[in-house]
file work.csv (CSV, C-alpha atoms and all ligand atoms)
chain,number,residue,atom,x,y,z
A,1,MET,CA,4.7,39.4,-27.6
A,2,VAL,CA,4.2,40.1,-23.9
A,3,ASP,CA,0.8,38.4,-24.0
A,4,TYR,CA,2.5,35.4,-25.6
A,5,ILE,CA,5.1,35.2,-22.8
A,6,ASP,CA,2.5,35.6,-20.2
A,7,GLU,CA,0.6,32.7,-21.7
A,8,LEU,CA,3.7,30.6,-21.7
A,9,ILE,CA,4.5,31.4,-18.1
A,10,GLU,CA,0.9,30.5,-17.2
A,11,ILE,CA,1.2,27.1,-18.8
A,12,LYS,CA,4.6,26.3,-17.4
A,13,VAL,CA,4.3,27.5,-13.8
A,14,PRO,CA,1.5,25.9,-11.8
A,15,LYS,CA,-0.4,28.4,-9.7
A,16,LYS,CA,0.4,26.7,-6.4
A,17,ILE,CA,3.2,24.2,-5.8
A,18,VAL,CA,2.7,22.2,-2.6
A,19,THR,CA,5.5,19.9,-1.6
A,20,ILE,CA,4.7,17.0,0.7
A,21,GLN,CA,6.7,18.7,3.5
A,22,ARG,CA,4.5,21.8,3.3
A,23,HIS,CA,1.4,19.7,3.1
A,24,ILE,CA,2.3,17.7,6.2
A,25,MET,CA,3.2,20.9,8.1
A,26,GLU,CA,-0.1,22.5,7.1
A,27,MET,CA,-1.9,19.4,8.3
A,28,GLU,CA,0.0,19.4,11.5
A,29,ARG,CA,-0.8,23.0,12.2
A,30,GLN,CA,-4.4,21.9,12.7
A,31,TYR,CA,-3.1,19.9,15.7
A,32,PRO,CA,-1.4,22.4,18.1
A,33,GLN,CA,-0.3,19.6,20.4
A,34,ALA,CA,1.7,17.9,17.5
A,35,SER,CA,5.4,17.6,18.3
A,36,GLY,CA,6.7,17.6,14.7
A,37,ASN,CA,7.9,14.0,15.1
A,38,PHE,CA,5.3,12.7,12.7
A,39,SER,CA,6.3,15.1,9.9
A,40,GLY,CA,10.0,14.2,10.6
A,41,LEU,CA,9.1,10.5,10.2
A,42,LEU,CA,7.3,11.1,6.9
A,43,TYR,CA,10.2,13.2,5.7
A,44,ASP,CA,12.5,10.2,6.3
A,45,ILE,CA,10.1,7.9,4.4
A,46,CYS,CA,10.2,10.3,1.5
A,47,MET,CA,14.0,10.4,1.5
A,48,ALA,CA,14.1,6.6,1.4
A,49,ALA,CA,11.5,6.5,-1.3
A,50,LYS,CA,13.5,8.9,-3.5
A,51,GLN,CA,16.6,6.8,-3.1
A,52,VAL,CA,14.7,3.6,-4.0
A,53,SER,CA,13.1,5.3,-6.9
A,54,TYR,CA,16.5,6.4,-8.3
A,55,HIS,CA,17.8,2.9,-8.0
A,56,VAL,CA,14.7,1.2,-9.5
A,57,ASN,CA,15.1,3.5,-12.5
A,58,LYS,CA,18.7,2.6,-12.9
A,59,ALA,CA,18.5,-1.0,-11.8
A,60,GLY,CA,19.3,-2.4,-15.3
A,61,LEU,CA,22.5,-0.3,-15.4
A,62,MET,CA,23.7,-0.9,-11.9
A,63,ASP,CA,23.7,-4.7,-11.5
A,64,LEU,CA,20.6,-4.5,-9.3
A,65,LEU,CA,18.4,-6.9,-11.2
A,66,GLY,CA,18.0,-10.6,-10.4
A,67,GLN,CA,18.2,-12.8,-7.4
A,68,GLN,CA,20.3,-12.2,-4.4
A,69,GLY,CA,20.6,-15.9,-3.8
A,70,THR,CA,18.8,-16.1,-0.5
A,71,GLU,CA,15.3,-16.8,0.7
A,72,ASN,CA,13.2,-14.6,2.9
A,73,VAL,CA,11.0,-15.6,5.9
A,74,HIS,CA,8.2,-16.6,3.5
A,75,GLY,CA,10.5,-19.0,1.6
A,76,GLU,CA,10.5,-16.7,-1.4
A,77,GLN,CA,13.7,-15.9,-3.4
A,78,VAL,CA,15.0,-12.5,-2.4
A,79,LYS,CA,15.8,-10.1,-5.3
A,80,LYS,CA,18.8,-7.7,-5.1
A,81,LEU,CA,16.4,-4.7,-5.2
A,82,ASP,CA,14.3,-6.2,-2.4
A,83,MET,CA,17.3,-6.2,-0.1
A,84,PHE,CA,18.5,-2.8,-1.3
A,85,ALA,CA,15.1,-1.2,-0.6
A,86,HIS,CA,15.0,-2.9,2.8
A,87,ASP,CA,18.4,-1.6,3.8
A,88,THR,CA,17.6,1.9,2.4
A,89,PHE,CA,14.4,2.2,4.5
A,90,VAL,CA,16.1,0.8,7.7
A,91,LYS,CA,19.0,3.2,7.3
A,92,ALA,CA,16.8,6.2,6.6
A,93,LEU,CA,14.4,5.6,9.5
A,94,MET,CA,16.8,4.2,12.2
A,95,PRO,CA,18.6,7.5,13.2
A,96,GLY,CA,15.6,9.8,12.9
A,97,GLY,CA,14.6,9.6,16.6
A,98,HIS,CA,11.0,9.1,15.7
A,99,LEU,CA,10.7,5.3,15.9
A,100,CYS,CA,11.0,2.8,18.7
A,101,VAL,CA,10.7,-0.3,16.5
A,102,MET,CA,10.3,-1.4,12.8
A,103,GLY,CA,9.1,-4.5,11.0
A,104,SER,CA,9.9,-5.4,7.5
A,105,GLU,CA,8.7,-8.1,5.1
A,106,GLU,CA,12.3,-9.0,4.6
A,107,GLU,CA,13.2,-9.5,8.2
A,108,GLU,CA,11.8,-12.4,10.4
A,109,ASP,CA,12.0,-10.5,13.7
A,110,VAL,CA,11.2,-7.0,14.6
A,111,ILE,CA,14.0,-4.4,14.3
A,112,PRO,CA,14.1,-2.5,17.6
A,113,ILE,CA,15.8,0.9,17.6
A,114,PRO,CA,18.9,0.4,19.7
A,115,LYS,CA,19.5,2.5,22.8
A,116,THR,CA,22.5,4.0,21.1
A,117,GLU,CA,20.0,5.9,18.9
A,118,GLN,CA,17.3,8.2,20.1
A,119,VAL,CA,14.2,6.0,20.7
A,120,GLY,CA,10.9,7.6,19.5
A,121,LYS,CA,7.2,7.0,20.0
A,122,TYR,CA,6.2,5.6,16.7
A,123,VAL,CA,6.2,2.1,15.1
A,124,CYS,CA,6.8,1.6,11.4
A,125,LEU,CA,6.0,-1.6,9.5
A,126,PHE,CA,6.8,-1.8,5.8
A,127,ASP,CA,7.1,-3.9,2.7
A,128,PRO,CA,10.1,-2.3,1.2
A,129,LEU,CA,9.5,-3.6,-2.4
A,130,ASP,CA,6.2,-5.1,-3.1
A,131,GLY,CA,5.5,-7.0,-6.4
A,132,SER,CA,9.0,-8.5,-6.6
A,133,SER,CA,8.1,-10.8,-9.4
A,134,ASN,CA,7.8,-7.7,-11.6
A,135,ILE,CA,11.1,-6.1,-10.7
A,136,ASP,CA,13.2,-7.5,-13.5
A,137,VAL,CA,10.7,-6.7,-16.3
A,138,ASN,CA,10.2,-3.0,-15.8
A,139,VAL,CA,6.6,-3.3,-14.4
A,140,SER,CA,5.4,-1.0,-11.7
A,141,ILE,CA,6.4,-2.0,-8.1
A,142,GLY,CA,6.0,-0.2,-4.8
A,143,THR,CA,6.7,0.3,-1.1
A,144,ILE,CA,3.9,0.1,1.5
A,145,PHE,CA,4.2,1.5,5.0
A,146,SER,CA,2.0,1.6,8.1
A,147,ILE,CA,2.6,3.7,11.2
A,148,HIS,CA,1.3,3.2,14.7
A,149,LYS,CA,1.9,4.9,18.0
A,150,ARG,CA,3.8,2.8,20.5
A,151,LEU,CA,1.7,1.2,23.2
A,152,ASP,CA,3.3,2.8,26.2
A,153,ALA,CA,3.8,6.5,25.2
A,154,SER,CA,6.0,7.2,28.3
A,155,SER,CA,8.5,4.4,27.6
A,156,GLU,CA,12.0,5.3,26.4
A,157,GLU,CA,13.0,1.7,25.9
A,158,PRO,CA,13.3,0.1,22.4
A,159,GLY,CA,9.9,-1.1,21.1
A,160,THR,CA,8.8,-4.7,21.1
A,161,LEU,CA,6.8,-7.2,19.0
A,162,GLU,CA,3.6,-6.2,20.9
A,163,ASP,CA,4.0,-2.6,19.6
A,164,CYS,CA,3.9,-4.0,16.1
A,165,LEU,CA,0.9,-6.3,16.7
A,166,GLN,CA,-1.8,-3.7,16.8
A,167,PRO,CA,-5.1,-3.8,14.8
A,168,GLY,CA,-5.3,-1.7,11.6
A,169,TRP,CA,-7.9,0.8,13.0
A,170,LYS,CA,-5.2,2.1,15.4
A,171,GLN,CA,-2.9,3.2,12.5
A,172,VAL,CA,-2.0,6.9,12.6
A,173,CYS,CA,-0.8,6.9,9.0
A,174,ALA,CA,-0.5,4.6,6.1
A,175,GLY,CA,0.8,5.0,2.6
A,176,TYR,CA,2.5,3.6,-0.4
A,177,VAL,CA,5.1,4.6,-3.0
A,178,ILE,CA,4.5,3.5,-6.6
A,179,TYR,CA,7.5,3.3,-8.8
A,180,GLY,CA,5.7,3.5,-12.1
A,181,SER,CA,5.7,5.7,-15.2
A,182,SER,CA,6.3,8.4,-12.6
A,183,THR,CA,7.0,7.9,-8.8
A,184,MET,CA,4.2,8.8,-6.5
A,185,ILE,CA,3.6,8.7,-2.8
A,186,VAL,CA,0.0,8.3,-1.6
A,187,TYR,CA,-0.7,8.6,2.1
A,188,THR,CA,-3.4,9.1,4.7
A,189,ALA,CA,-3.1,10.3,8.3
A,190,GLY,CA,-6.8,9.9,8.9
A,191,ASN,CA,-7.6,13.2,7.2
A,192,GLY,CA,-8.3,12.1,3.6
A,193,VAL,CA,-6.0,10.5,1.0
A,194,HIS,CA,-3.4,12.6,-0.8
A,195,GLY,CA,-1.1,11.8,-3.7
A,196,PHE,CA,2.2,13.5,-4.5
A,197,THR,CA,4.2,13.0,-7.7
A,198,LEU,CA,8.0,13.1,-7.6
A,199,ASP,CA,9.3,15.8,-9.8
A,200,PRO,CA,12.7,14.4,-10.8
A,201,SER,CA,14.2,17.8,-11.7
A,202,TYR,CA,13.6,19.2,-8.2
A,203,GLY,CA,13.7,15.9,-6.3
A,204,GLU,CA,10.5,16.9,-4.5
A,205,PHE,CA,7.2,15.2,-4.1
A,206,ILE,CA,4.6,17.7,-5.3
A,207,LEU,CA,0.9,17.5,-4.5
A,208,SER,CA,-0.9,16.2,-7.6
A,209,HIS,CA,-3.9,14.3,-6.3
A,210,GLU,CA,-5.6,16.1,-3.4
A,211,ASN,CA,-8.3,14.3,-1.3
A,212,ILE,CA,-8.6,11.2,-3.5
A,213,GLN,CA,-12.1,9.6,-3.3
A,214,THR,CA,-12.5,6.3,-5.0
A,215,PRO,CA,-15.7,5.8,-7.1
A,216,LYS,CA,-18.6,4.0,-5.2
A,217,ARG,CA,-18.6,1.4,-8.0
A,218,GLY,CA,-16.1,0.6,-10.7
A,219,SER,CA,-15.9,-1.5,-13.9
A,220,ILE,CA,-12.6,-3.3,-13.0
A,221,TYR,CA,-12.0,-6.6,-11.2
A,222,SER,CA,-8.4,-7.6,-10.4
A,223,VAL,CA,-7.6,-11.2,-9.5
A,224,ASN,CA,-5.2,-14.0,-10.4
A,225,GLU,CA,-7.7,-16.2,-12.2
A,226,SER,CA,-5.2,-19.0,-12.6
A,227,ASN,CA,-6.2,-19.9,-9.0
A,228,PHE,CA,-9.8,-20.5,-10.0
A,229,ASP,CA,-9.8,-24.3,-9.2
A,230,TYR,CA,-8.4,-23.6,-5.7
A,231,TRP,CA,-11.1,-21.2,-4.6
A,232,ASP,CA,-14.2,-21.7,-2.5
A,233,GLU,CA,-17.5,-22.1,-4.4
A,234,GLY,CA,-18.8,-18.7,-3.3
A,235,PHE,CA,-15.8,-16.8,-4.7
A,236,LYS,CA,-15.9,-18.9,-7.9
A,237,ASN,CA,-19.6,-17.8,-8.3
A,238,TYR,CA,-18.6,-14.2,-8.0
A,239,ILE,CA,-16.1,-14.6,-10.9
A,240,ARG,CA,-18.7,-16.4,-13.0
A,241,TRP,CA,-21.1,-13.6,-12.3
A,242,VAL,CA,-18.7,-10.8,-13.1
A,243,LYS,CA,-18.0,-12.2,-16.5
A,244,LYS,CA,-21.7,-12.7,-17.5
A,245,ILE,CA,-23.2,-10.3,-20.1
A,246,ASP,CA,-25.8,-8.0,-18.4
A,247,GLU,CA,-26.0,-4.4,-19.6
A,248,GLU,CA,-28.2,-3.3,-16.7
A,249,THR,CA,-25.5,-4.2,-14.1
A,250,ASN,CA,-22.6,-3.1,-16.3
A,251,ARG,CA,-21.3,-6.7,-17.0
A,252,PRO,CA,-19.0,-8.2,-18.0
A,253,ARG,CA,-16.6,-6.1,-15.9
A,254,ASN,CA,-13.2,-5.4,-17.1
A,255,SER,CA,-10.3,-7.7,-16.0
A,256,ARG,CA,-7.1,-6.0,-15.0
A,257,TYR,CA,-4.3,-7.7,-13.1
A,258,ILE,CA,-0.7,-6.6,-12.9
A,259,GLY,CA,0.4,-8.8,-10.0
A,260,SER,CA,1.9,-5.9,-8.0
A,261,LEU,CA,-0.5,-5.0,-5.2
A,262,VAL,CA,0.6,-1.4,-5.2
A,263,ALA,CA,0.0,-0.9,-8.9
A,264,ASP,CA,-3.3,-2.9,-9.0
A,265,PHE,CA,-4.5,-1.0,-5.9
A,266,HIS,CA,-3.5,2.5,-7.2
A,267,ARG,CA,-5.2,1.9,-10.6
A,268,ASN,CA,-8.4,0.8,-8.9
A,269,LEU,CA,-8.3,3.6,-6.3
A,270,LEU,CA,-8.4,6.1,-9.1
A,271,TYR,CA,-10.7,4.3,-11.6
A,272,GLY,CA,-12.9,2.3,-9.2
A,273,GLY,CA,-13.1,-1.5,-9.0
A,274,VAL,CA,-12.2,-4.3,-6.8
A,275,PHE,CA,-8.9,-6.2,-6.1
A,276,CYS,CA,-9.3,-9.7,-4.7
A,277,TYR,CA,-6.7,-12.1,-3.2
A,278,PRO,CA,-9.0,-14.6,-1.5
A,279,LEU,CA,-8.2,-17.7,0.4
A,280,ASP,CA,-7.1,-20.5,-1.9
A,281,ARG,CA,-6.1,-24.1,-1.4
A,282,LYS,CA,-3.0,-24.0,-3.6
A,283,ASP,CA,-0.4,-24.3,-0.9
A,284,PRO,CA,-1.7,-26.6,2.0
A,285,LYS,CA,0.8,-24.9,4.4
A,286,ILE,CA,-0.9,-21.5,3.8
A,287,LYS,CA,-4.5,-21.6,5.0
A,288,THR,CA,-5.0,-17.8,5.4
A,289,GLY,CA,-4.6,-16.1,2.0
A,290,LYS,CA,-1.4,-14.8,0.5
A,291,LEU,CA,-1.0,-11.1,1.4
A,292,ARG,CA,0.5,-9.9,4.7
A,293,LEU,CA,-1.8,-8.2,7.2
A,294,LEU,CA,0.5,-5.7,8.8
A,295,TYR,CA,2.3,-4.2,5.9
A,296,GLU,CA,0.1,-5.0,2.9
A,297,ALA,CA,-3.6,-5.4,3.8
A,298,ALA,CA,-4.0,-3.1,6.8
A,299,PRO,CA,-2.3,0.0,5.4
A,300,MET,CA,-4.2,-0.4,2.1
A,301,ALA,CA,-7.4,-0.9,4.1
A,302,PHE,CA,-6.8,2.4,6.0
A,303,ILE,CA,-6.2,4.2,2.7
A,304,ILE,CA,-9.3,2.8,0.9
A,305,GLU,CA,-11.6,3.5,3.8
A,306,GLN,CA,-10.3,7.1,3.9
A,307,ALA,CA,-11.0,7.3,0.2
A,308,GLY,CA,-14.6,6.0,0.7
A,309,GLY,CA,-14.1,2.4,-0.2
A,310,ARG,CA,-14.0,-0.9,1.8
A,311,ALA,CA,-11.6,-3.7,2.7
A,312,THR,CA,-12.6,-7.1,4.1
A,313,THR,CA,-11.5,-10.7,4.1
A,314,GLY,CA,-14.9,-11.5,2.7
A,315,PHE,CA,-16.1,-12.1,6.3
A,316,GLU,CA,-14.4,-9.5,8.5
A,317,ARG,CA,-13.3,-5.9,8.2
A,318,ILE,CA,-9.5,-5.9,7.7
A,319,LEU,CA,-9.0,-3.0,10.1
A,320,ASP,CA,-10.7,-5.0,12.9
A,321,ILE,CA,-8.3,-8.0,12.8
A,322,GLU,CA,-6.2,-8.4,15.9
A,323,PRO,CA,-2.8,-9.6,14.6
A,324,ASP,CA,-0.9,-12.4,16.4
A,325,ASP,CA,2.1,-12.7,14.1
A,326,LEU,CA,4.3,-10.1,12.4
A,327,HIS,CA,4.0,-11.9,9.0
A,328,GLN,CA,0.4,-13.0,9.3
A,329,ARG,CA,-1.4,-13.5,6.0
A,330,VAL,CA,-5.0,-12.7,5.3
A,331,PRO,CA,-7.5,-12.9,2.3
A,332,LEU,CA,-8.0,-9.4,0.9
A,333,ILE,CA,-11.0,-8.0,-1.0
A,334,ILE,CA,-10.5,-4.3,-1.4
A,335,GLY,CA,-11.9,-1.4,-3.5
A,336,SER,CA,-15.1,0.4,-4.3
A,337,GLU,CA,-17.8,0.1,-1.7
A,338,GLU,CA,-20.5,-1.5,-3.9
A,339,ASP,CA,-18.1,-3.9,-5.6
A,340,VAL,CA,-16.6,-5.2,-2.3
A,341,THR,CA,-20.1,-5.7,-1.0
A,342,ILE,CA,-21.1,-7.8,-4.0
A,343,VAL,CA,-17.9,-10.0,-3.6
A,344,GLU,CA,-18.7,-10.4,0.1
A,345,GLU,CA,-22.3,-11.4,-0.6
A,346,PHE,CA,-21.1,-14.2,-3.0
A,347,MET,CA,-18.4,-15.4,-0.5
A,348,GLN,CA,-20.9,-15.5,2.3
A,349,GLU,CA,-23.4,-17.3,-0.1
A,350,LYS,CA,-26.0,-14.6,0.4
A,351,ARG,CA,-26.0,-14.2,-3.4
A,352,GLN,CA,-26.3,-17.0,-5.9
A,353,LEU,CA,-25.7,-17.0,-9.6
B,401,LIG,P1,5.0,-10.6,-5.3
B,401,LIG,O1,4.7,-12.0,-4.9
B,401,LIG,O2,5.4,-10.5,-6.7
B,401,LIG,O3,5.9,-9.8,-4.3
B,401,LIG,O4,2.6,-9.9,-1.8
B,401,LIG,C1,3.3,-10.0,-2.9
B,401,LIG,C2,2.6,-9.9,-4.2
B,401,LIG,O5,3.6,-9.8,-5.2
B,401,LIG,C3,1.7,-8.7,-4.4
B,401,LIG,O6,2.3,-7.5,-4.7
B,401,LIG,C4,0.8,-9.2,-5.5
B,401,LIG,O7,-0.5,-8.5,-5.5
B,401,LIG,C5,0.7,-10.6,-5.3
B,401,LIG,O8,1.8,-11.0,-4.5
B,401,LIG,C6,0.7,-11.4,-6.6
B,401,LIG,O9,0.6,-12.8,-6.3
B,401,LIG,P2,0.3,-13.8,-7.5
B,401,LIG,O10,1.6,-13.9,-8.3
B,401,LIG,O11,0.0,-15.1,-6.8
B,401,LIG,O12,-0.8,-13.4,-8.3
call {"tool": "encode", "arguments": {"input": "work.csv", "output": "structure tokens"}}
result
Amino acid sequence: MVDYIDELIEIKVPKKIVTIQRHIMEMERQYPQASGNFSGLLYDICMAAKQVSYHVNKAGLMDLLGQQGTENVHGEQVKKLDMFAHDTFVKALMPGGHLCVMGSEEEEDVIPIPKTEQVGKYVCLFDPLDGSSNIDVNVSIGTIFSIHKRLDASSEEPGTLEDCLQPGWKQVCAGYVIYGSSTMIVYTAGNGVHGFTLDPSYGEFILSHENIQTPKRGSIYSVNESNFDYWDEGFKNYIRWVKKIDEETNRPRNSRYIGSLVADFHRNLLYGGVFCYPLDRKDPKIKTGKLRLLYEAAPMAFIIEQAGGRATTGFERILDIEPDDLHQRVPLIIGSEEDVTIVEEFMQEKRQL
């Protein structure tokens, strides 16, 4: 009987429970000069993520589905949950005293921290609810965030647009929250990539994926193939190549595309593969790709590089791009190192069919 109970206890109680707060504190201990501001900021992000997660799960019951009736800076219809997530993140991060300025996909201009609040030394850029077209149909969506240090560390003034327009390699932290079959937060602070699953009964993010490394090569390719006729010949050739039968090179590869960057990225990070949103000629007004550099491509690029993968436009490393606009768009090829290199070779016409 005692043996049986021991066995049950062993199954039910994991040997070590590491909450995200404890993990961040342990990481911070490796840096004696750390002020604790950074862990405070991540704590606020987790709080906002938990609130959004709760409302995403209840959206159908709380009149939170559907359009809000307005357009955002990109001319897209704003969904009620988009706006709710934006407000939640702004309200959670504003009073923390860690930030000097924020930038959100839902707001045309930067959001400086007013002098009435304590002004901090970090900058946070975020896409509060990525994958909006999937909100109303119960498909995984996410939040993406990127953190920089402000340019002038000694300033106590509110931050500016310049503080937001920093290249991706200067990020001190990046992460995403995926609201899927469970809610997870995955982040890097330049010391590996770590994933935490929200335990709804305790309301805590618990370490579930320590030090994630993405496979060097995968069997998945993720792309919106309805854009085929709008692509350049090099990228079209990659798609033709990836679908050809060739056992030696593990082809055809498997096509998987959800249409939520966070969900597509998360799957490929764990299984290996490549996500592509290249330049297309669908909308003559947009000549630079669809995804946003500062709060989509750059944070995901930081994460994938930390996990051993690569991110490029097809011609340039994402983390090297010097931004000139808060809502700048870029082509994005991201994932397992070998797969990204193959796409790049086709795009640069170094490889032919
Ligand atoms: P959405 O428009 O639904 O918000 O950047 C936004 C994004 O989704 C990404 O999450 C997703 O990867 C991509 O756009 C999907 O675009 P397509 O519908 O053109 O495939």
call {"tool": "residues_around", "arguments": {"input": "work.csv", "residues": "Glu345 of chain A", "least_positions_apart": "3", "cutoff": "12 Å", "atoms": "all atoms listed in the file", "output": "tab-separated table (two decimals) with C-alpha atoms, keeping the file's coordinate frame"}}
result
chain	number	residue	atom	x	y	z
A	234	GLY	CA	-18.80	-18.70	-3.30
A	235	PHE	CA	-15.80	-16.80	-4.70
A	237	ASN	CA	-19.60	-17.80	-8.30
A	238	TYR	CA	-18.60	-14.20	-8.00
A	241	TRP	CA	-21.10	-13.60	-12.30
A	312	THR	CA	-12.60	-7.10	4.10
A	313	THR	CA	-11.50	-10.70	4.10
A	314	GLY	CA	-14.90	-11.50	2.70
A	315	PHE	CA	-16.10	-12.10	6.30
A	333	ILE	CA	-11.00	-8.00	-1.00
A	338	GLU	CA	-20.50	-1.50	-3.90
A	339	ASP	CA	-18.10	-3.90	-5.60
A	340	VAL	CA	-16.60	-5.20	-2.30
A	341	THR	CA	-20.10	-5.70	-1.00
A	342	ILE	CA	-21.10	-7.80	-4.00
A	348	GLN	CA	-20.90	-15.50	2.30
A	349	GLU	CA	-23.40	-17.30	-0.10
A	350	LYS	CA	-26.00	-14.60	0.40
A	351	ARG	CA	-26.00	-14.20	-3.40
A	352	GLN	CA	-26.30	-17.00	-5.90
A	353	LEU	CA	-25.70	-17.00	-9.60
call {"tool": "residues_near_point", "arguments": {"input": "work.csv", "point": "(18.4, -9.2, -8.6)", "cutoff": "7 Å", "atoms": "only C-alpha atoms", "output": "list in words"}}
result
Leu64, Leu65, Gly66, Gln67, Gln68, Lys79, Lys80 and Leu81 of chain A
call {"tool": "closest_residue", "arguments": {"input": "work.csv", "among": "A:Val123, A:Ile113, A:Ala311, A:Val137", "to": "Glu296 of chain A", "atoms": "only C-alpha atoms"}}
result
A:Ala311
call {"tool": "residues_near_ligand", "arguments": {"input": "work.csv", "ligand": "ligand LIG 401 (chain B)", "cutoff": "9 Å", "atoms": "all atoms listed in the file", "output": "PyMOL selection string"}}
result
chain A and resi 76+127+129-135+141-142+223-227+257-265+275-277+290-292+296
call {"tool": "atom_distance", "arguments": {"input": "work.csv", "atom1": "atom CA of Leu279 of chain A", "atom2": "atom CA of Asp136 of chain A"}}
result
27.5 Å
call {"tool": "closest_residue", "arguments": {"input": "work.csv", "among": "A:Gly97, A:Gly289, A:Gly180, A:Pro331", "to": "Leu198 of chain A", "atoms": "only C-alpha atoms"}}
result
A:Gly180
call {"tool": "atom_distance", "arguments": {"input": "work.csv", "atom1": "atom CA of Asp82 of chain A", "atom2": "atom CA of Pro112 of chain A"}}
result
20.3 Å
call {"tool": "atom_distance", "arguments": {"input": "work.csv", "atom1": "atom CA of Ile334 of chain A", "atom2": "atom CA of Gly103 of chain A"}}
result
23.2 Å
call {"tool": "residues_around", "arguments": {"input": "work.csv", "residues": "Tyr230 of chain A", "least_positions_apart": "6", "cutoff": "8 Å", "atoms": "all atoms listed in the file", "output": "PyMOL selection string"}}
result
chain A and resi 280-282
call {"tool": "residues_around", "arguments": {"input": "work.csv", "residues": "Thr183 of chain A", "least_positions_apart": "4", "cutoff": "9 Å", "atoms": "all atoms listed in the file", "output": "list in words"}}
result
Ala49, Lys50, Ser53, Val177, Ile178, Tyr179, Phe196, Thr197, Leu198, Asp199, Pro200 and Phe205 of chain A
call {"tool": "closest_residue", "arguments": {"input": "work.csv", "among": "A:Val274, A:Gly335, A:Asn250, A:Val330", "to": "Lys287 of chain A", "atoms": "all atoms listed in the file"}}
result
A:Val330
call {"tool": "residues_around", "arguments": {"input": "work.csv", "residues": "segment 191-193 of chain A", "least_positions_apart": "2", "cutoff": "8 Å", "atoms": "all atoms listed in the file", "output": "PyMOL selection string"}}
result
chain A and resi 186-189+195+210-213+303+306-307
call {"tool": "closest_residue", "arguments": {"input": "work.csv", "among": "A:Lys121, A:Asn138, A:Gln171, A:Ala298", "to": "Arg150 of chain A", "atoms": "only C-alpha atoms"}}
result
A:Lys121
call {"tool": "residues_around", "arguments": {"input": "work.csv", "residues": "Asn37 of chain A", "least_positions_apart": "4", "cutoff": "10 Å", "atoms": "only C-alpha atoms", "output": "list of chain:residue names"}}
result
A:Leu41, A:Leu42, A:Tyr43, A:Gly96, A:Gly97, A:His98, A:Leu99, A:Gly120, A:Lys121, A:Tyr122
call {"tool": "closest_residue", "arguments": {"input": "work.csv", "among": "A:Val101, A:Ile45, A:Leu294, A:Ile220", "to": "Asn254 of chain A", "atoms": "only C-alpha atoms"}}
result
A:Ile220
call {"tool": "residues_near_point", "arguments": {"input": "work.csv", "point": "(1.0, -17.9, 6.0)", "cutoff": "6 Å", "atoms": "only C-alpha atoms", "output": "tab-separated table (two decimals) with C-alpha atoms, keeping the file's coordinate frame"}}
result
chain	number	residue	atom	x	y	z
A	286	ILE	CA	-0.90	-21.50	3.80
A	328	GLN	CA	0.40	-13.00	9.30
A	329	ARG	CA	-1.40	-13.50	6.00
call {"tool": "closest_residue", "arguments": {"input": "work.csv", "among": "A:Phe145, A:Phe38, A:Phe346, A:Tyr54", "to": "Arg240 of chain A", "atoms": "all atoms listed in the file"}}
result
A:Phe346
